[in-house]
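Quick notes on the structure that follows.
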Amino acid sequence: MKEEKQIRLLVVDDNESLIGMLKEYFCDHEKISIVKEAYNGLDAVKVIENNKDAFDVLLLDLIMPKKDGIYVLEQMKKKEIEKPVIIGTSFNADETIARVSKFNPKHFVLKPFDMVDLENKILDAASFKLDSNTKINIYHNNLEISVTKLLHGLGVPSHIKGYQYIREGVMLMYEKPDIVGAITKELYPEIANRFDTTVSRVERAIRHAIEVSWNRGDIDLMEEIFGHSVDYDRAKPTNSEFIVTVSDKLRLEFNNAKQRN
């Protein structure tokens, strides 16, 4: 059997402890290895230029000393160095995302990193083929950040599996609203396939995440999204109700934003 080639990751971030944590996490990974790192924008450009063929994916922080991530992206464009880029960003980053989008990054990943989320984005970015028609889907990335903000506000803890499954489910439902009547037959299997798990585990993990969130979420936000169903004496929303309602809320917000623009 042919051995699968590892994805070689270059990490650029001024946080040395974060890079150390990433190295530890990926040290024995079957598919991903960190091969280079840099701690500021100036050094990053040198490392990138001198090691163009030594890495496959760039994980890039935006706020760094000497020169920032925007500078790194500008220099890569100027020197015609084309690599899939994953941008590390904070929650309040909509304006920054708009600035960065012209450089066609593959993904934005929210800090502090959820390691499973980061891992999935690296795997996806490695299969990404750059060409002249490639454009960043800023709409998708804004959606991703909006989903994450909403789930945090609803009290879904990001360290549990159900959080990842709900977030993926909401984005799938948003993009494919016709599957609303096929949660069990289509949505769960798709999530299970993406996370290499089973449908029953996906269903259980989502149910657990909803139960946890119901006792710790922002009550005003929950009331806004779920209306009168936010009643602790009544049944919590089902998995399907939760995913569909959150996705409908986001669709309404995005449609309103489009109309304002």
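Every chain in the structure tokens takes a letter, A first, then B, and so on in the order presented; its residues are numbered from 1, and the ligands are numbered from 1 following the presented order.
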Which residues of region 145-245 of chain A come within 12 Å of region 94-118 of chain A, and for each one, what is the closest pair of atoms and their distance in Å to one decimal, counting only C-alpha atoms, sorted by chain and residue number, as a tab-separated table?
```
residue	atom	partner	partner_atom	distance
A:Ile145	CA	A:Leu110	CA	7.5
A:Ser146	CA	A:Asp94	CA	9.7
A:Val147	CA	A:Leu110	CA	11.4
A:Thr148	CA	A:Leu110	CA	8.6
A:Lys149	CA	A:Leu110	CA	10.0
A:Pro157	CA	A:Asp114	CA	10.9
A:Ser158	CA	A:Asp114	CA	7.2
A:His159	CA	A:Asp114	CA	7.3
A:Ile160	CA	A:Asp114	CA	10.1
A:Lys161	CA	A:Val116	CA	9.2
A:Tyr163	CA	A:Asp114	CA	10.4
A:Gln164	CA	A:Asp117	CA	7.5
A:Tyr165	CA	A:Asp117	CA	10.5
A:Arg167	CA	A:Asp117	CA	10.3
A:Glu168	CA	A:Asp117	CA	10.1
A:Arg194	CA	A:Asp117	CA	11.2
A:Phe195	CA	A:Val116	CA	9.2
A:Asp196	CA	A:Val116	CA	11.8
```
Keeping only N, CA and C atoms, write the selected residues to a file as a CSV table (one decimal), in the first residue's frame.
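Result went into selection_16.csv, see below:
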```csv
chain,number,residue,atom,x,y,z
A,145,ILE,N,-17.9,32.4,10.8
A,145,ILE,CA,-17.6,33.2,12.0
A,145,ILE,C,-19.0,33.5,12.7
A,146,SER,N,-20.0,33.8,11.9
A,146,SER,CA,-21.3,34.1,12.5
A,146,SER,C,-21.9,32.9,13.2
A,147,VAL,N,-21.7,31.8,12.7
A,147,VAL,CA,-22.2,30.5,13.3
A,147,VAL,C,-21.4,30.3,14.6
A,148,THR,N,-20.1,30.5,14.6
A,148,THR,CA,-19.3,30.3,15.8
A,148,THR,C,-19.7,31.3,16.9
A,149,LYS,N,-19.9,32.6,16.6
A,149,LYS,CA,-20.3,33.6,17.5
A,149,LYS,C,-21.7,33.2,18.2
A,157,PRO,N,-20.4,24.7,24.5
A,157,PRO,CA,-19.0,24.7,24.8
A,157,PRO,C,-18.2,24.2,23.6
A,158,SER,N,-17.1,24.9,23.2
A,158,SER,CA,-16.4,24.6,22.0
A,158,SER,C,-15.5,23.4,22.1
A,159,HIS,N,-15.3,22.9,23.4
A,159,HIS,CA,-14.4,21.7,23.6
A,159,HIS,C,-15.1,20.4,23.4
A,160,ILE,N,-16.4,20.4,23.3
A,160,ILE,CA,-17.1,19.1,23.2
A,160,ILE,C,-17.4,18.8,21.7
A,161,LYS,N,-17.5,17.5,21.4
A,161,LYS,CA,-17.8,17.1,20.0
A,161,LYS,C,-19.0,17.7,19.4
A,163,TYR,N,-20.4,20.4,19.7
A,163,TYR,CA,-20.2,21.8,19.1
A,163,TYR,C,-19.8,21.8,17.7
A,164,GLN,N,-18.8,20.9,17.4
A,164,GLN,CA,-18.3,20.8,16.0
A,164,GLN,C,-19.4,20.3,15.1
A,165,TYR,N,-20.1,19.3,15.6
A,165,TYR,CA,-21.2,18.7,14.7
A,165,TYR,C,-22.3,19.7,14.5
A,167,ARG,N,-22.1,23.0,14.5
A,167,ARG,CA,-21.6,24.1,13.6
A,167,ARG,C,-21.6,23.6,12.2
A,168,GLU,N,-21.1,22.4,12.0
A,168,GLU,CA,-21.1,21.8,10.6
A,168,GLU,C,-22.5,21.7,10.1
A,194,ARG,N,-17.7,13.6,7.4
A,194,ARG,CA,-16.6,14.6,7.5
A,194,ARG,C,-15.8,14.5,8.8
A,195,PHE,N,-16.3,13.9,9.8
A,195,PHE,CA,-15.6,13.8,11.1
A,195,PHE,C,-15.1,12.3,11.4
A,196,ASP,N,-15.3,11.5,10.4
A,196,ASP,CA,-14.9,10.1,10.5
A,196,ASP,C,-15.5,9.4,11.8
```
Checklist line | alpha helix (DSSP H) positions in region 17-251 of chain A, given as number ranges by chain | finding: A: 17-26, 41-50, 69-78, 94-100, 115-126, 138-153, 161-175, 188-194, 199-213, 219-226, 239-251
Checklist line | Contacts of Thr238 (chain A) within 10 Å, only C-alpha atoms, excl. fewer than 4 positions in-chain, as a count of residues only | finding: 7
Item checked: Given only C-alpha atoms as the counted atoms, nearest of A:Ser127, A:Thr184, A:Leu60, A:Lys78 to Val199 (chain A) ->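 Selected residue with least distance to Val199 (chain A): A:Thr184.
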Checklist line | d(CA of Tyr39 (chain A), CA of Met21 (chain A)) in Å | finding: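 CA of Tyr39 (chain A) sits 14.3 Å away from CA of Met21 (chain A).
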Next item on the list: Pick out the residues sitting within 8 Å of Val156 (chain A), and hand them over as a PyMOL selection string; count only C-alpha atoms, and ignore anything fewer than 2 positions along from it in its own chain.
Entry: chain A and resi 151-154+158+163+209-210+212-213+217
Next item on the list: Show which residues sit within 9 Å of Glu119 (chain A), as an MDAnalysis selection string. Count only C-alpha atoms, and ignore same-chain residues fewer than 5 positions away.
Entry: chainID A and resid 26 32 114 124
Checklist line | Long-range neighbours of His29 (chain A) as a VMD selection string, 12 Å cut-off, only C-alpha atoms, 2 positions minimum in chain | finding: chain A and resid 5 to 9 22 to 27 31 to 34 119 123
Notebook entry, point to check: Using only C-alpha atoms, which of A:Ile48, A:Ala205, A:Met171, A:Met64 sits nearest Lys83 (chain A)?
Noted result: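 For Lys83 (chain A), the nearest of the candidates is A:Ile48.
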Item checked: Among listed residues A:Glu223, A:Glu80, A:Glu186, A:Asp53, nearest Val35 (chain A) (using only C-alpha atoms) ->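 Smallest distance to Val35 (chain A) is found for A:Asp53.
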Checklist line | Filtered DSSP result for region 40-195 of chain A, state strand (DSSP E or B), as a PyMOL selection string | finding: chain A and resi 57-61+85-89+107-110
Writing out the chosen residues with N, CA, C and O atoms as a PDB file, in the first residue's frame:
```
ATOM      1  N   VAL A  57       1.098  24.158   3.183  1.00  0.00           N
ATOM      2  CA  VAL A  57       0.046  25.037   3.685  1.00  0.00           C
ATOM      3  C   VAL A  57       0.659  26.038   4.659  1.00  0.00           C
ATOM      4  O   VAL A  57       1.545  25.683   5.451  1.00  0.00           O
ATOM      5  N   LEU A  58       0.180  27.286   4.616  1.00  0.00           N
ATOM      6  CA  LEU A  58       0.646  28.334   5.520  1.00  0.00           C
ATOM      7  C   LEU A  58      -0.458  28.692   6.511  1.00  0.00           C
ATOM      8  O   LEU A  58      -1.575  29.029   6.112  1.00  0.00           O
ATOM      9  N   LEU A  59      -0.149  28.583   7.806  1.00  0.00           N
ATOM     10  CA  LEU A  59      -1.039  29.059   8.860  1.00  0.00           C
ATOM     11  C   LEU A  59      -0.493  30.399   9.329  1.00  0.00           C
ATOM     12  O   LEU A  59       0.596  30.461   9.901  1.00  0.00           O
ATOM     13  N   LEU A  60      -1.234  31.477   9.080  1.00  0.00           N
ATOM     14  CA  LEU A  60      -0.700  32.828   9.235  1.00  0.00           C
ATOM     15  C   LEU A  60      -1.496  33.659  10.232  1.00  0.00           C
ATOM     16  O   LEU A  60      -2.701  33.861  10.076  1.00  0.00           O
ATOM     17  N   ASP A  61      -0.781  34.168  11.241  1.00  0.00           N
ATOM     18  CA  ASP A  61      -1.371  35.137  12.165  1.00  0.00           C
ATOM     19  C   ASP A  61      -1.374  36.508  11.500  1.00  0.00           C
ATOM     20  O   ASP A  61      -0.517  36.798  10.660  1.00  0.00           O
ATOM     21  N   VAL A  85      -3.474  29.334   2.113  1.00  0.00           N
ATOM     22  CA  VAL A  85      -3.237  30.067   3.360  1.00  0.00           C
ATOM     23  C   VAL A  85      -4.455  29.950   4.267  1.00  0.00           C
ATOM     24  O   VAL A  85      -5.599  30.117   3.827  1.00  0.00           O
ATOM     25  N   ILE A  86      -4.193  29.661   5.539  1.00  0.00           N
ATOM     26  CA  ILE A  86      -5.223  29.681   6.567  1.00  0.00           C
ATOM     27  C   ILE A  86      -4.904  30.860   7.481  1.00  0.00           C
ATOM     28  O   ILE A  86      -3.800  30.947   8.018  1.00  0.00           O
ATOM     29  N   ILE A  87      -5.856  31.765   7.642  1.00  0.00           N
ATOM     30  CA  ILE A  87      -5.642  32.967   8.431  1.00  0.00           C
ATOM     31  C   ILE A  87      -6.147  32.763   9.857  1.00  0.00           C
ATOM     32  O   ILE A  87      -7.304  32.375  10.068  1.00  0.00           O
ATOM     33  N   GLY A  88      -5.284  33.030  10.836  1.00  0.00           N
ATOM     34  CA  GLY A  88      -5.705  33.038  12.231  1.00  0.00           C
ATOM     35  C   GLY A  88      -6.286  34.399  12.568  1.00  0.00           C
ATOM     36  O   GLY A  88      -5.653  35.422  12.319  1.00  0.00           O
ATOM     37  N   THR A  89      -7.504  34.433  13.110  1.00  0.00           N
ATOM     38  CA  THR A  89      -8.158  35.712  13.370  1.00  0.00           C
ATOM     39  C   THR A  89      -8.962  35.652  14.656  1.00  0.00           C
ATOM     40  O   THR A  89      -9.189  34.584  15.213  1.00  0.00           O
ATOM     41  N   HIS A 107      -8.969  29.548   4.168  1.00  0.00           N
ATOM     42  CA  HIS A 107      -9.847  29.517   5.340  1.00  0.00           C
ATOM     43  C   HIS A 107      -9.466  30.622   6.314  1.00  0.00           C
ATOM     44  O   HIS A 107      -8.336  31.086   6.328  1.00  0.00           O
ATOM     45  N   PHE A 108     -10.425  30.994   7.153  1.00  0.00           N
ATOM     46  CA  PHE A 108     -10.171  31.741   8.370  1.00  0.00           C
ATOM     47  C   PHE A 108     -10.420  30.779   9.526  1.00  0.00           C
ATOM     48  O   PHE A 108     -11.378  30.013   9.496  1.00  0.00           O
ATOM     49  N   VAL A 109      -9.562  30.826  10.537  1.00  0.00           N
ATOM     50  CA  VAL A 109      -9.772  29.979  11.708  1.00  0.00           C
ATOM     51  C   VAL A 109      -9.742  30.878  12.936  1.00  0.00           C
ATOM     52  O   VAL A 109      -8.891  31.753  13.074  1.00  0.00           O
ATOM     53  N   LEU A 110     -10.720  30.702  13.799  1.00  0.00           N
ATOM     54  CA  LEU A 110     -10.887  31.587  14.943  1.00  0.00           C
ATOM     55  C   LEU A 110      -9.951  31.222  16.092  1.00  0.00           C
ATOM     56  O   LEU A 110      -9.728  30.054  16.384  1.00  0.00           O
TER      57      LEU A 110
END
```
Next item on the list: For Asp68 (chain A), please output as a ChimeraX atom specification all residues within 10 Å (counting only C-alpha atoms; exclusion window: fewer than 3 positions along the same chain).
Entry: /A:13-14,40-42,44,60-65,71-73
Can you write just those residues out, N, CA and C atoms, as a tab-separated table (two decimals), in the first residue's frame?
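The result, stored in result00.tsv:
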```
chain	number	residue	atom	x	y	z
A	13	ASP	N	3.46	32.94	13.58
A	13	ASP	CA	2.72	33.52	14.70
A	13	ASP	C	3.74	34.01	15.73
A	14	ASP	N	3.47	35.15	16.34
A	14	ASP	CA	4.43	35.69	17.32
A	14	ASP	C	4.29	35.04	18.69
A	40	ASN	N	7.57	36.59	13.22
A	40	ASN	CA	7.19	37.94	12.84
A	40	ASN	C	7.11	38.01	11.32
A	41	GLY	N	6.54	39.09	10.81
A	41	GLY	CA	6.29	39.20	9.38
A	41	GLY	C	7.53	39.24	8.53
A	42	LEU	N	8.57	39.92	9.00
A	42	LEU	CA	9.81	40.01	8.21
A	42	LEU	C	10.47	38.65	8.06
A	44	ALA	N	9.02	35.82	8.39
A	44	ALA	CA	8.10	34.95	7.65
A	44	ALA	C	8.34	35.05	6.15
A	60	LEU	N	-1.23	31.48	9.08
A	60	LEU	CA	-0.70	32.83	9.24
A	60	LEU	C	-1.50	33.66	10.23
A	61	ASP	N	-0.78	34.17	11.24
A	61	ASP	CA	-1.37	35.14	12.17
A	61	ASP	C	-1.37	36.51	11.50
A	62	LEU	N	-2.31	37.36	11.87
A	62	LEU	CA	-2.37	38.69	11.26
A	62	LEU	C	-1.65	39.76	12.08
A	63	ILE	N	-1.73	39.67	13.41
A	63	ILE	CA	-1.14	40.68	14.27
A	63	ILE	C	0.20	40.18	14.78
A	64	MET	N	1.30	40.77	14.27
A	64	MET	CA	2.66	40.35	14.64
A	64	MET	C	3.58	41.57	14.68
A	65	PRO	N	4.72	41.47	15.39
A	65	PRO	CA	5.68	42.57	15.41
A	65	PRO	C	6.44	42.71	14.09
A	71	TYR	N	1.21	42.25	5.39
A	71	TYR	CA	2.49	42.45	4.70
A	71	TYR	C	2.98	41.14	4.08
A	72	VAL	N	2.87	40.06	4.86
A	72	VAL	CA	3.29	38.75	4.37
A	72	VAL	C	2.51	38.37	3.12
A	73	LEU	N	1.21	38.57	3.16
A	73	LEU	CA	0.36	38.25	2.01
A	73	LEU	C	0.70	39.13	0.80
```
